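Quick notes on the structure that follows.
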Amino acid sequence: MSNLPEPAPVIRLPDGTYTYADHLPTPIKPAAVPQVVHQHIHQAPPDRTVQRIALGSGVGAGMVTAGVYFGPLLVGALTAIAANLALLAFLAAVMAWGVVSVVRSVGGSDGKAAAKTLAKTRKRRR
């Protein structure tokens, strides 16, 4: 078992609690020479920053992208369906008007008598 790490030493503090010895604060040793800190600040170009804010950087980015891509496609498909239904409704109204006009003109006196009889029958049922 020589490949296992050494167990962390556990010590008992004066208040009676236990803690790991490697997590104890170490005393600060003053440095002999002043330290030089090199700090590099990196900033993304503005367009990338805006993209990251717009799309998010987490799980929701895919949902936003799908909405941006499929949203206009859905609007286009629904518009095409609505236009087709409007055209079909207009054609149905025109054809119904045409059928009624033809029946009235061709029907003659027999058609008018049949319409009166039908109207009387409907009134009696009420």
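Letters A, B, ... mark the chains of the structure tokens in the order given; residue numbers begin at 1 per chain; ligand numbers begin at 1, in order shown.
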
*Tell me which protein, DNA and RNA residues are within 8 Å of A:Ile11, counting only C-alpha atoms, leaving out same-chain ones fewer than 4 positions away, and put them as a VMD selection string.*
chain A and resid 18 to 21

Dump as a compact mmCIF listing (two decimals), in the first residue's frame, selection limited to C-alpha atoms:
# COMPACT_ATOMS: atom_id res chain seq x y z
CA TYR A 18 -10.75 18.41 16.12
CA THR A 19 -9.28 19.79 12.93
CA TYR A 20 -6.76 18.89 10.27
CA ALA A 21 -3.28 20.15 11.01

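Atom CA of A:Ala83 lies 18.4 Å from atom CA of A:Met95.
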
A:Arg104 environment, 12 Å, only C-alpha atoms, sequence neighbours closer than 6 positions dropped, as a short mmCIF file (atom, residue, chain, number, x, y, z; two decimals) with C-alpha atoms, in the first residue's frame:
data_model
loop_
_atom_site.label_atom_id
_atom_site.label_comp_id
_atom_site.auth_asym_id
_atom_site.auth_seq_id
_atom_site.Cartn_x
_atom_site.Cartn_y
_atom_site.Cartn_z
CA TRP A 97 -72.89 32.04 -52.87
CA GLY A 98 -72.65 30.66 -56.41
CA ASP A 110 -91.41 24.39 -57.64
CA GLY A 111 -88.30 25.49 -55.77
CA LYS A 112 -90.12 28.39 -54.14
CA ALA A 113 -93.01 26.11 -53.08
CA ALA A 114 -90.56 23.61 -51.62
CA ALA A 115 -88.81 26.39 -49.69
#

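Atom CA of A:Val106 sits 18.0 Å away from atom CA of A:Leu118.
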
*Distance of atom CA of A:Asp22 from atom CA of A:Ala8, expressed in Å to one decimal place*: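 The value is 7.2 Å.
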